[in-house]
$ cat input_3.pdb   # PDB, C-alpha atoms, pLDDT in the B column
ATOM      1  CA  MET A 752     135.937  10.339 144.502  1.00 59.00           C
ATOM      2  CA  ASP A 753     136.921   9.846 148.150  1.00 73.00           C
ATOM      3  CA  LYS A 754     134.267   7.463 149.526  1.00 84.00           C
ATOM      4  CA  ALA A 755     135.256   8.049 153.172  1.00 85.00           C
ATOM      5  CA  PHE A 756     134.886  11.796 152.690  1.00 89.00           C
ATOM      6  CA  ILE A 757     131.416  11.370 151.184  1.00 90.00           C
ATOM      7  CA  LYS A 758     130.394   9.105 154.074  1.00 90.00           C
ATOM      8  CA  GLY A 759     131.618  11.737 156.536  1.00 89.00           C
ATOM      9  CA  LEU A 760     129.536  14.426 154.823  1.00 91.00           C
ATOM     10  CA  ARG A 761     126.449  12.213 154.897  1.00 92.00           C
ATOM     11  CA  LEU A 762     127.024  11.601 158.592  1.00 93.00           C
ATOM     12  CA  LEU A 763     127.319  15.342 159.256  1.00 91.00           C
ATOM     13  CA  GLU A 764     124.089  15.961 157.355  1.00 91.00           C
ATOM     14  CA  ALA A 765     122.274  13.258 159.339  1.00 92.00           C
ATOM     15  CA  LEU A 766     123.397  14.771 162.645  1.00 91.00           C
ATOM     16  CA  ALA A 767     122.561  18.292 161.495  1.00 89.00           C
ATOM     17  CA  LEU A 768     119.006  17.290 160.577  1.00 88.00           C
ATOM     18  CA  SER A 769     118.440  15.334 163.786  1.00 87.00           C
ATOM     19  CA  GLU A 770     116.333  16.860 166.542  1.00 83.00           C
ATOM     20  CA  GLN A 771     118.229  14.923 169.220  1.00 88.00           C
ATOM     21  CA  PRO A 772     121.566  13.130 169.721  1.00 90.00           C
ATOM     22  CA  ARG A 773     121.966   9.927 167.723  1.00 91.00           C
ATOM     23  CA  GLY A 774     123.510   6.561 168.509  1.00 93.00           C
ATOM     24  CA  VAL A 775     125.928   4.570 166.361  1.00 93.00           C
ATOM     25  CA  THR A 776     123.429   1.784 165.612  1.00 93.00           C
ATOM     26  CA  ASP A 777     120.733   4.278 164.647  1.00 92.00           C
ATOM     27  CA  LEU A 778     123.069   6.208 162.321  1.00 93.00           C
ATOM     28  CA  ALA A 779     124.457   3.038 160.759  1.00 93.00           C
ATOM     29  CA  ALA A 780     120.940   1.865 159.901  1.00 94.00           C
ATOM     30  CA  GLU A 781     119.961   5.210 158.338  1.00 93.00           C
ATOM     31  CA  LEU A 782     123.151   5.595 156.323  1.00 92.00           C
ATOM     32  CA  LYS A 783     123.409   1.889 155.442  1.00 93.00           C
ATOM     33  CA  LEU A 784     126.937   1.702 156.834  1.00 92.00           C
ATOM     34  CA  THR A 785     128.538  -0.720 159.278  1.00 93.00           C
ATOM     35  CA  LYS A 786     128.609   0.298 162.927  1.00 92.00           C
ATOM     36  CA  SER A 787     132.407   0.143 162.927  1.00 93.00           C
ATOM     37  CA  ASN A 788     132.522   2.511 159.952  1.00 92.00           C
ATOM     38  CA  VAL A 789     130.164   4.987 161.629  1.00 93.00           C
ATOM     39  CA  HIS A 790     132.089   4.799 164.901  1.00 92.00           C
ATOM     40  CA  ARG A 791     135.369   5.479 163.082  1.00 92.00           C
ATOM     41  CA  LEU A 792     133.890   8.493 161.293  1.00 93.00           C
ATOM     42  CA  LEU A 793     132.404   9.847 164.529  1.00 93.00           C
ATOM     43  CA  THR A 794     135.751   9.467 166.298  1.00 92.00           C
ATOM     44  CA  THR A 795     137.490  11.426 163.533  1.00 92.00           C
ATOM     45  CA  LEU A 796     134.867  14.183 163.603  1.00 92.00           C
ATOM     46  CA  GLN A 797     135.060  14.310 167.393  1.00 91.00           C
ATOM     47  CA  THR A 798     138.851  14.640 167.284  1.00 92.00           C
ATOM     48  CA  HIS A 799     138.540  17.644 164.984  1.00 90.00           C
ATOM     49  CA  GLY A 800     135.847  19.331 167.064  1.00 90.00           C
ATOM     50  CA  TYR A 801     132.812  18.806 164.843  1.00 91.00           C
ATOM     51  CA  VAL A 802     131.033  16.217 166.998  1.00 92.00           C
ATOM     52  CA  ARG A 803     130.713  15.578 170.733  1.00 90.00           C
ATOM     53  CA  GLN A 804     129.667  12.459 172.624  1.00 90.00           C
ATOM     54  CA  ILE A 805     126.763  12.755 175.046  1.00 87.00           C
ATOM     55  CA  PRO A 806     126.981  10.585 178.192  1.00 82.00           C
ATOM     56  CA  PRO A 807     125.724   8.285 179.555  1.00 79.00           C
ATOM     57  CA  HIS A 808     124.244   6.583 176.484  1.00 75.00           C
ATOM     58  CA  SER A 809     127.122   7.232 174.045  1.00 85.00           C
ATOM     59  CA  THR A 810     125.016   9.227 171.639  1.00 92.00           C
ATOM     60  CA  TYR A 811     126.469  11.967 169.438  1.00 92.00           C
ATOM     61  CA  GLU A 812     125.537  15.462 168.304  1.00 92.00           C
ATOM     62  CA  LEU A 813     127.175  18.263 166.350  1.00 91.00           C
ATOM     63  CA  THR A 814     129.131  20.986 168.118  1.00 89.00           C
ATOM     64  CA  THR A 815     128.775  24.620 167.044  1.00 82.00           C
ATOM     65  CA  ARG A 816     131.806  24.240 164.758  1.00 83.00           C
ATOM     66  CA  ILE A 817     129.655  23.852 161.637  1.00 83.00           C
ATOM     67  CA  TRP A 818     127.607  26.883 162.671  1.00 77.00           C
ATOM     68  CA  GLU A 819     130.784  28.916 163.186  1.00 73.00           C
ATOM     69  CA  LEU A 820     132.062  28.038 159.721  1.00 76.00           C
ATOM     70  CA  GLY A 821     128.699  28.796 158.178  1.00 73.00           C
ATOM     71  CA  ASN A 822     128.561  32.089 160.019  1.00 66.00           C
ATOM     72  CA  HIS A 823     131.932  33.057 158.530  1.00 68.00           C
ATOM     73  CA  VAL A 824     130.597  32.346 155.048  1.00 68.00           C
ATOM     74  CA  ILE A 825     127.413  34.348 155.676  1.00 64.00           C
ATOM     75  CA  ARG A 826     129.396  37.280 157.086  1.00 67.00           C
ATOM     76  CA  ARG A 827     131.677  37.211 154.057  1.00 67.00           C
ATOM     77  CA  MET A 828     128.686  37.213 151.717  1.00 66.00           C
ATOM     78  CA  ASP A 829     127.180  40.109 153.675  1.00 80.00           C
ATOM     79  CA  LEU A 830     130.508  41.942 153.533  1.00 88.00           C
ATOM     80  CA  VAL A 831     130.792  41.655 149.744  1.00 87.00           C
ATOM     81  CA  LYS A 832     127.199  42.754 149.230  1.00 88.00           C
ATOM     82  CA  LEU A 833     127.300  45.665 151.658  1.00 92.00           C
ATOM     83  CA  ALA A 834     130.747  46.841 150.563  1.00 94.00           C
ATOM     84  CA  ARG A 835     129.935  47.238 146.867  1.00 94.00           C
ATOM     85  CA  PRO A 836     128.534  50.810 146.985  1.00 95.00           C
ATOM     86  CA  ALA A 837     131.523  52.085 148.969  1.00 96.00           C
ATOM     87  CA  MET A 838     133.929  50.226 146.673  1.00 95.00           C
ATOM     88  CA  ALA A 839     132.321  51.812 143.604  1.00 96.00           C
ATOM     89  CA  LYS A 840     132.529  55.262 145.178  1.00 96.00           C
ATOM     90  CA  LEU A 841     136.191  54.733 146.093  1.00 96.00           C
ATOM     91  CA  ALA A 842     136.971  53.496 142.576  1.00 95.00           C
ATOM     92  CA  ALA A 843     135.387  56.635 141.110  1.00 95.00           C
ATOM     93  CA  ALA A 844     137.312  58.884 143.523  1.00 94.00           C
ATOM     94  CA  THR A 845     140.737  57.315 142.968  1.00 93.00           C
ATOM     95  CA  GLY A 846     140.561  55.762 139.516  1.00 90.00           C
ATOM     96  CA  GLU A 847     142.582  52.836 140.869  1.00 92.00           C
ATOM     97  CA  THR A 848     141.912  49.157 141.562  1.00 93.00           C
ATOM     98  CA  ILE A 849     139.877  48.598 144.719  1.00 95.00           C
ATOM     99  CA  HIS A 850     140.254  45.463 146.842  1.00 95.00           C
ATOM    100  CA  LEU A 851     138.113  43.917 149.557  1.00 96.00           C
ATOM    101  CA  SER A 852     140.045  41.472 151.732  1.00 95.00           C
ATOM    102  CA  VAL A 853     139.624  39.285 154.791  1.00 93.00           C
ATOM    103  CA  LEU A 854     142.289  37.879 157.089  1.00 92.00           C
ATOM    104  CA  GLU A 855     142.757  34.110 157.269  1.00 89.00           C
ATOM    105  CA  GLY A 856     145.573  33.210 159.629  1.00 89.00           C
ATOM    106  CA  THR A 857     148.707  34.811 158.205  1.00 91.00           C
ATOM    107  CA  GLU A 858     147.242  35.433 154.749  1.00 93.00           C
ATOM    108  CA  ILE A 859     144.755  37.820 153.253  1.00 93.00           C
ATOM    109  CA  LEU A 860     142.092  36.551 150.888  1.00 92.00           C
ATOM    110  CA  TYR A 861     140.739  38.831 148.172  1.00 92.00           C
ATOM    111  CA  VAL A 862     136.946  38.438 148.259  1.00 91.00           C
ATOM    112  CA  ASP A 863     136.015  41.196 145.795  1.00 92.00           C
ATOM    113  CA  LYS A 864     137.585  43.876 143.630  1.00 93.00           C
ATOM    114  CA  ILE A 865     136.841  46.625 141.143  1.00 92.00           C
ATOM    115  CA  GLU A 866     139.382  46.889 138.354  1.00 85.00           C
ATOM    116  CA  SER A 867     140.952  50.215 137.408  1.00 83.00           C
ATOM    117  CA  ASP A 868     140.289  51.564 133.907  1.00 77.00           C
ATOM    118  CA  HIS A 869     143.968  52.451 133.514  1.00 72.00           C
ATOM    119  CA  HIS A 870     145.930  50.303 131.065  1.00 68.00           C
ATOM    120  CA  ILE A 871     148.701  50.041 133.658  1.00 65.00           C
ATOM    121  CA  ARG A 872     147.168  48.887 136.922  1.00 61.00           C
ATOM    122  CA  ALA A 873     147.538  46.519 139.870  1.00 69.00           C
ATOM    123  CA  HIS A 874     146.607  42.956 138.931  1.00 69.00           C
ATOM    124  CA  THR A 875     144.991  40.623 141.457  1.00 75.00           C
ATOM    125  CA  SER A 876     142.238  38.015 141.361  1.00 78.00           C
ATOM    126  CA  VAL A 877     139.258  37.386 143.604  1.00 86.00           C
ATOM    127  CA  GLY A 878     140.078  34.229 145.531  1.00 83.00           C
ATOM    128  CA  ALA A 879     143.812  34.899 145.430  1.00 87.00           C
ATOM    129  CA  ARG A 880     145.878  35.124 148.610  1.00 92.00           C
ATOM    130  CA  ALA A 881     148.902  37.088 149.759  1.00 94.00           C
ATOM    131  CA  PRO A 882     151.030  37.122 152.921  1.00 95.00           C
ATOM    132  CA  ALA A 883     149.255  39.566 155.241  1.00 95.00           C
ATOM    133  CA  TYR A 884     152.471  41.289 156.295  1.00 95.00           C
ATOM    134  CA  THR A 885     153.298  42.310 152.704  1.00 95.00           C
ATOM    135  CA  VAL A 886     150.142  44.142 151.581  1.00 96.00           C
ATOM    136  CA  ALA A 887     148.267  47.234 152.723  1.00 96.00           C
ATOM    137  CA  THR A 888     144.960  45.490 153.481  1.00 97.00           C
ATOM    138  CA  GLY A 889     146.873  42.945 155.569  1.00 97.00           C
ATOM    139  CA  LYS A 890     148.744  45.579 157.563  1.00 97.00           C
ATOM    140  CA  ALA A 891     145.498  47.502 158.113  1.00 97.00           C
ATOM    141  CA  MET A 892     143.869  44.403 159.596  1.00 97.00           C
ATOM    142  CA  LEU A 893     146.905  43.514 161.712  1.00 97.00           C
ATOM    143  CA  ALA A 894     146.716  46.998 163.220  1.00 96.00           C
ATOM    144  CA  GLN A 895     143.351  45.993 164.726  1.00 96.00           C
ATOM    145  CA  LEU A 896     144.738  42.895 166.437  1.00 95.00           C
ATOM    146  CA  PRO A 897     146.850  42.429 169.587  1.00 93.00           C
ATOM    147  CA  ASP A 898     150.621  42.675 169.213  1.00 91.00           C
ATOM    148  CA  SER A 899     150.859  39.005 170.162  1.00 92.00           C
ATOM    149  CA  TYR A 900     149.194  38.116 166.845  1.00 93.00           C
ATOM    150  CA  LEU A 901     152.293  39.314 165.002  1.00 93.00           C
ATOM    151  CA  GLU A 902     154.379  36.545 166.561  1.00 92.00           C
ATOM    152  CA  ARG A 903     152.863  34.008 164.193  1.00 92.00           C
ATOM    153  CA  PHE A 904     154.674  35.794 161.360  1.00 93.00           C
ATOM    154  CA  ARG A 905     158.132  35.423 162.911  1.00 91.00           C
ATOM    155  CA  PRO A 906     158.973  32.104 161.191  1.00 90.00           C
ATOM    156  CA  GLN A 907     157.347  33.253 157.929  1.00 88.00           C
ATOM    157  CA  LEU A 908     159.101  36.544 157.234  1.00 92.00           C
ATOM    158  CA  LYS A 909     160.351  35.982 153.706  1.00 92.00           C
ATOM    159  CA  ARG A 910     161.623  38.456 151.122  1.00 94.00           C
ATOM    160  CA  TYR A 911     159.480  38.822 147.997  1.00 94.00           C
ATOM    161  CA  THR A 912     160.773  42.209 146.804  1.00 93.00           C
ATOM    162  CA  GLU A 913     163.535  44.586 147.853  1.00 91.00           C
ATOM    163  CA  THR A 914     161.149  46.370 150.221  1.00 92.00           C
ATOM    164  CA  THR A 915     159.555  43.322 151.918  1.00 91.00           C
ATOM    165  CA  ARG A 916     159.714  43.498 155.708  1.00 93.00           C
ATOM    166  CA  THR A 917     161.861  40.601 156.908  1.00 91.00           C
ATOM    167  CA  ALA A 918     162.398  41.700 160.520  1.00 92.00           C
ATOM    168  CA  MET A 919     159.781  41.715 163.273  1.00 94.00           C
ATOM    169  CA  GLU A 920     160.851  45.216 164.286  1.00 94.00           C
ATOM    170  CA  GLU A 921     160.012  46.507 160.802  1.00 94.00           C
ATOM    171  CA  LEU A 922     156.624  44.789 160.773  1.00 94.00           C
ATOM    172  CA  ARG A 923     155.784  46.121 164.239  1.00 95.00           C
ATOM    173  CA  ALA A 924     156.747  49.622 163.108  1.00 96.00           C
ATOM    174  CA  ASP A 925     154.420  49.378 160.092  1.00 95.00           C
ATOM    175  CA  VAL A 926     151.548  48.163 162.269  1.00 96.00           C
ATOM    176  CA  GLU A 927     152.117  50.909 164.850  1.00 96.00           C
ATOM    177  CA  LEU A 928     152.121  53.520 162.079  1.00 96.00           C
ATOM    178  CA  ALA A 929     148.888  52.113 160.672  1.00 96.00           C
ATOM    179  CA  ARG A 930     147.281  52.372 164.131  1.00 95.00           C
ATOM    180  CA  ALA A 931     148.499  55.931 164.576  1.00 95.00           C
ATOM    181  CA  GLN A 932     147.342  57.290 161.228  1.00 94.00           C
ATOM    182  CA  GLY A 933     144.214  55.165 160.829  1.00 95.00           C
ATOM    183  CA  TYR A 934     145.257  53.464 157.602  1.00 97.00           C
ATOM    184  CA  ALA A 935     148.085  51.310 156.244  1.00 97.00           C
ATOM    185  CA  ALA A 936     150.195  52.205 153.244  1.00 95.00           C
ATOM    186  CA  VAL A 937     152.698  50.439 151.023  1.00 94.00           C
ATOM    187  CA  LEU A 938     154.724  52.858 148.926  1.00 92.00           C
ATOM    188  CA  HIS A 939     156.674  50.269 146.935  1.00 91.00           C
ATOM    189  CA  GLY A 940     155.448  46.715 146.461  1.00 90.00           C
ATOM    190  CA  GLU A 941     156.405  44.290 149.214  1.00 92.00           C
ATOM    191  CA  TRP A 942     154.528  41.352 147.675  1.00 92.00           C
ATOM    192  CA  ARG A 943     154.716  42.315 144.005  1.00 89.00           C
ATOM    193  CA  GLU A 944     157.168  44.808 142.511  1.00 88.00           C
ATOM    194  CA  GLY A 945     156.049  48.315 141.655  1.00 90.00           C
ATOM    195  CA  ILE A 946     152.759  48.506 143.568  1.00 92.00           C
ATOM    196  CA  ALA A 947     151.649  51.308 145.883  1.00 94.00           C
ATOM    197  CA  ALA A 948     148.584  50.880 148.055  1.00 95.00           C
ATOM    198  CA  CYS A 949     146.512  52.295 150.886  1.00 97.00           C
ATOM    199  CA  ALA A 950     143.989  50.391 153.040  1.00 97.00           C
ATOM    200  CA  CYS A 951     141.793  50.651 156.105  1.00 98.00           C
ATOM    201  CA  ALA A 952     140.187  47.988 158.299  1.00 97.00           C
ATOM    202  CA  ILE A 953     136.453  47.262 158.348  1.00 96.00           C
ATOM    203  CA  LEU A 954     134.853  46.610 161.735  1.00 94.00           C
ATOM    204  CA  GLY A 955     131.697  44.774 162.757  1.00 89.00           C
ATOM    205  CA  ARG A 956     128.863  45.537 165.149  1.00 85.00           C
ATOM    206  CA  ASN A 957     130.971  44.962 168.280  1.00 86.00           C
ATOM    207  CA  GLY A 958     134.126  46.537 166.906  1.00 90.00           C
ATOM    208  CA  GLU A 959     135.548  43.187 165.814  1.00 91.00           C
ATOM    209  CA  LEU A 960     137.732  42.916 162.725  1.00 93.00           C
ATOM    210  CA  ILE A 961     135.751  41.940 159.609  1.00 93.00           C
ATOM    211  CA  GLY A 962     138.062  42.778 156.718  1.00 95.00           C
ATOM    212  CA  ALA A 963     139.737  45.662 154.927  1.00 97.00           C
ATOM    213  CA  ILE A 964     139.239  47.827 151.872  1.00 97.00           C
ATOM    214  CA  GLY A 965     142.141  49.227 149.901  1.00 96.00           C
ATOM    215  CA  MET A 966     143.171  50.860 146.673  1.00 95.00           C
ATOM    216  CA  SER A 967     146.325  50.045 144.727  1.00 93.00           C
ATOM    217  CA  GLY A 968     148.118  50.935 141.543  1.00 92.00           C
ATOM    218  CA  PRO A 969     151.594  51.334 140.058  1.00 92.00           C
ATOM    219  CA  ASP A 970     154.073  53.237 142.209  1.00 89.00           C
ATOM    220  CA  THR A 971     155.060  55.216 139.115  1.00 88.00           C
ATOM    221  CA  ARG A 972     151.642  56.886 139.326  1.00 91.00           C
ATOM    222  CA  ILE A 973     150.878  56.721 143.030  1.00 91.00           C
ATOM    223  CA  LYS A 974     153.402  58.571 145.161  1.00 92.00           C
ATOM    224  CA  ARG A 975     153.401  59.447 148.858  1.00 91.00           C
ATOM    225  CA  LYS A 976     151.382  62.600 148.138  1.00 92.00           C
ATOM    226  CA  GLN A 977     148.651  60.629 146.355  1.00 92.00           C
ATOM    227  CA  ILE A 978     148.567  58.025 149.134  1.00 94.00           C
ATOM    228  CA  LYS A 979     147.980  60.808 151.659  1.00 94.00           C
ATOM    229  CA  GLN A 980     145.168  62.240 149.548  1.00 93.00           C
ATOM    230  CA  TYR A 981     143.517  58.897 148.833  1.00 95.00           C
ATOM    231  CA  SER A 982     143.725  57.822 152.465  1.00 95.00           C
ATOM    232  CA  VAL A 983     140.827  60.168 153.287  1.00 96.00           C
ATOM    233  CA  ASP A 984     138.613  58.377 150.751  1.00 96.00           C
ATOM    234  CA  VAL A 985     139.802  54.930 151.857  1.00 97.00           C
ATOM    235  CA  ILE A 986     139.064  55.688 155.526  1.00 97.00           C
ATOM    236  CA  GLU A 987     135.603  56.982 154.616  1.00 96.00           C
ATOM    237  CA  ALA A 988     134.909  53.860 152.535  1.00 97.00           C
ATOM    238  CA  ALA A 989     135.893  51.592 155.448  1.00 97.00           C
ATOM    239  CA  ARG A 990     133.781  53.673 157.826  1.00 96.00           C
ATOM    240  CA  SER A 991     130.778  53.470 155.500  1.00 95.00           C
ATOM    241  CA  ILE A 992     131.023  49.677 155.203  1.00 95.00           C
ATOM    242  CA  SER A 993     131.532  49.277 158.945  1.00 94.00           C
ATOM    243  CA  ILE A 994     128.387  51.299 159.663  1.00 93.00           C
ATOM    244  CA  ALA A 995     126.469  49.192 157.122  1.00 91.00           C
ATOM    245  CA  LEU A 996     127.596  46.124 159.103  1.00 88.00           C
ATOM    246  CA  GLY A 997     126.217  47.618 162.318  1.00 86.00           C
ATOM    247  CA  TYR A 998     129.313  49.307 163.741  1.00 87.00           C
ATOM    248  CA  SER A 999     128.834  52.541 165.682  1.00 85.00           C
ATOM    249  CA  PRO A1000     131.954  54.741 165.410  1.00 79.00           C
ATOM    250  CA  PRO A1001     132.952  56.618 168.579  1.00 74.00           C
ATOM    251  CA  ARG A1002     131.499  60.104 168.702  1.00 67.00           C
ATOM    252  CA  LEU A1003     133.943  62.968 168.614  1.00 53.00           C
ATOM    253  CA  THR A1004     133.573  65.375 171.506  1.00 54.00           C
ATOM    254  CA  GLY A1005     134.678  68.952 171.490  1.00 52.00           C
ATOM    255  CA  GLY A1006     136.843  70.549 174.129  1.00 49.00           C
TER     256      GLY A1006
END
$ encode --input "input_3.pdb" --output "structure tokens"
Amino acid sequence: MDKAFIKGLRLLEALALSEQPRGVTDLAAELKLTKSNVHRLLTTLQTHGYVRQIPPHSTYELTTRIWELGNHVIRRMDLVKLARPAMAKLAAATGETIHLSVLEGTEILYVDKIESDHHIRAHTSVGARAPAYTVATGKAMLAQLPDSYLERFRPQLKRYTETTRTAMEELRADVELARAQGYAAVLHGEWREGIAACACAILGRNGELIGAIGMSGPDTRIKRKQIKQYSVDVIEAARSISIALGYSPPRLTGG
């Protein structure tokens, strides 16, 4: 067990439960640590943005960093809970595996799924990750972000299958297509061989990106025609979850 790590957690807890900024001597006495140890831990936490020093008395308090991280966890828990009905409906409509993903940097994280009843199906695990530029849920989420976000993929474009995008121009084209048609599609696996998929982004109350829902299965069963058909259900599932999260879709106006 890492003793320094445990001491850092105890220090964070003490600051979180404090009604006012705390001094080094005060914290050292409560935690039964030396002042030099507490000061070193505070300096490390300050460097990484978790703690700030309050002048002029050199006391310390937490920043909102912990709150931000906690808020991400709560939103993810809300997403999984609120997405389940739409995921079940999409699974019934398509008969394929349904994924719920979030974007973390240049990767997608699978936070929930409903397995297909087919013997031959797409295999993934909740908690698993994949390069965002290689999967449908990733492309769907990238389509909601500024073009500048794609630059972070430039040094990471690596071939996993024969159809993996390894040029920025190809990735940009996929993202532009996803924006134009309202969903992202992968016809032949770019992360794993033989997988076809379709996905749409999920938006929050203010239109911010929350995650994506997608369906996937073997490309021997899911062709371009099926992708086109399933895209209607996928878009509706994403819309339903977004509304449950507080998003108000733009109203269509007639001419």
$ closest_atom_pairs --input "input_3.pdb" --of "range 779-861 of chain A" --to "range 972-987 of chain A" --cutoff "9 Å" --atoms "all atoms listed in the file" --output "tab-separated table"
residue	atom	partner	partner_atom	distance
A:Ala837	CA	A:Glu987	CA	8.5
A:Lys840	CA	A:Asp984	CA	8.8
A:Leu841	CA	A:Asp984	CA	6.4
A:Ala844	CA	A:Asp984	CA	7.4
A:Thr845	CA	A:Tyr981	CA	6.7
$ resolve_selection --input "input_3.pdb" --expression "the PyMOL selection byres ((chain A and resi 905) around 12)" --output "list in words"
Thr857, Tyr884, Ser899, Tyr900, Leu901, Glu902, Arg903, Phe904, Pro906, Gln907, Leu908, Lys909, Arg916, Thr917, Ala918, Met919, Glu920, Glu921, Leu922 and Arg923 of chain A
$ resolve_selection --input "input_3.pdb" --expression "the PyMOL selection byres ((chain A and resi 952-966) around 7)" --output "PDB file with C-alpha atoms, in the coordinates of the input"
ATOM      1  CA  GLU A 847     142.582  52.836 140.869  1.00 92.00           C
ATOM      2  CA  THR A 848     141.912  49.157 141.562  1.00 93.00           C
ATOM      3  CA  ILE A 849     139.877  48.598 144.719  1.00 95.00           C
ATOM      4  CA  HIS A 850     140.254  45.463 146.842  1.00 95.00           C
ATOM      5  CA  LEU A 851     138.113  43.917 149.557  1.00 96.00           C
ATOM      6  CA  SER A 852     140.045  41.472 151.732  1.00 95.00           C
ATOM      7  CA  VAL A 853     139.624  39.285 154.791  1.00 93.00           C
ATOM      8  CA  LEU A 854     142.289  37.879 157.089  1.00 92.00           C
ATOM      9  CA  THR A 888     144.960  45.490 153.481  1.00 97.00           C
ATOM     10  CA  ALA A 891     145.498  47.502 158.113  1.00 97.00           C
ATOM     11  CA  MET A 892     143.869  44.403 159.596  1.00 97.00           C
ATOM     12  CA  GLN A 895     143.351  45.993 164.726  1.00 96.00           C
ATOM     13  CA  ALA A 948     148.584  50.880 148.055  1.00 95.00           C
ATOM     14  CA  CYS A 949     146.512  52.295 150.886  1.00 97.00           C
ATOM     15  CA  ALA A 950     143.989  50.391 153.040  1.00 97.00           C
ATOM     16  CA  CYS A 951     141.793  50.651 156.105  1.00 98.00           C
ATOM     17  CA  SER A 967     146.325  50.045 144.727  1.00 93.00           C
ATOM     18  CA  VAL A 985     139.802  54.930 151.857  1.00 97.00           C
ATOM     19  CA  ALA A 989     135.893  51.592 155.448  1.00 97.00           C
ATOM     20  CA  ARG A 990     133.781  53.673 157.826  1.00 96.00           C
ATOM     21  CA  ILE A 992     131.023  49.677 155.203  1.00 95.00           C
ATOM     22  CA  SER A 993     131.532  49.277 158.945  1.00 94.00           C
ATOM     23  CA  LEU A 996     127.596  46.124 159.103  1.00 88.00           C
ATOM     24  CA  GLY A 997     126.217  47.618 162.318  1.00 86.00           C
ATOM     25  CA  TYR A 998     129.313  49.307 163.741  1.00 87.00           C
TER      26      TYR A 998
END
$ atom_distance --input "input_3.pdb" --atom1 "CA of Thr885 in chain A" --atom2 "CA of Glu941 in chain A"
5.1 Å
$ resolve_selection --input "input_3.pdb" --expression "the PyMOL selection byres ((chain A and resi 882) around 8)" --output "list in words"
Thr857, Glu858, Ile859, Arg880, Ala881, Ala883, Tyr884, Thr885, Val886, Gly889 and Trp942 of chain A
$ closest_residue --input "input_3.pdb" --among "A:Lys890, A:His790, A:Arg943, A:Arg930" --to "Arg910 in chain A" --atoms "all atoms listed in the file"
A:Arg943
$ atom_distance --input "input_3.pdb" --atom1 "CA of Leu893 in chain A" --atom2 "CA of Met838 in chain A"
21.0 Å
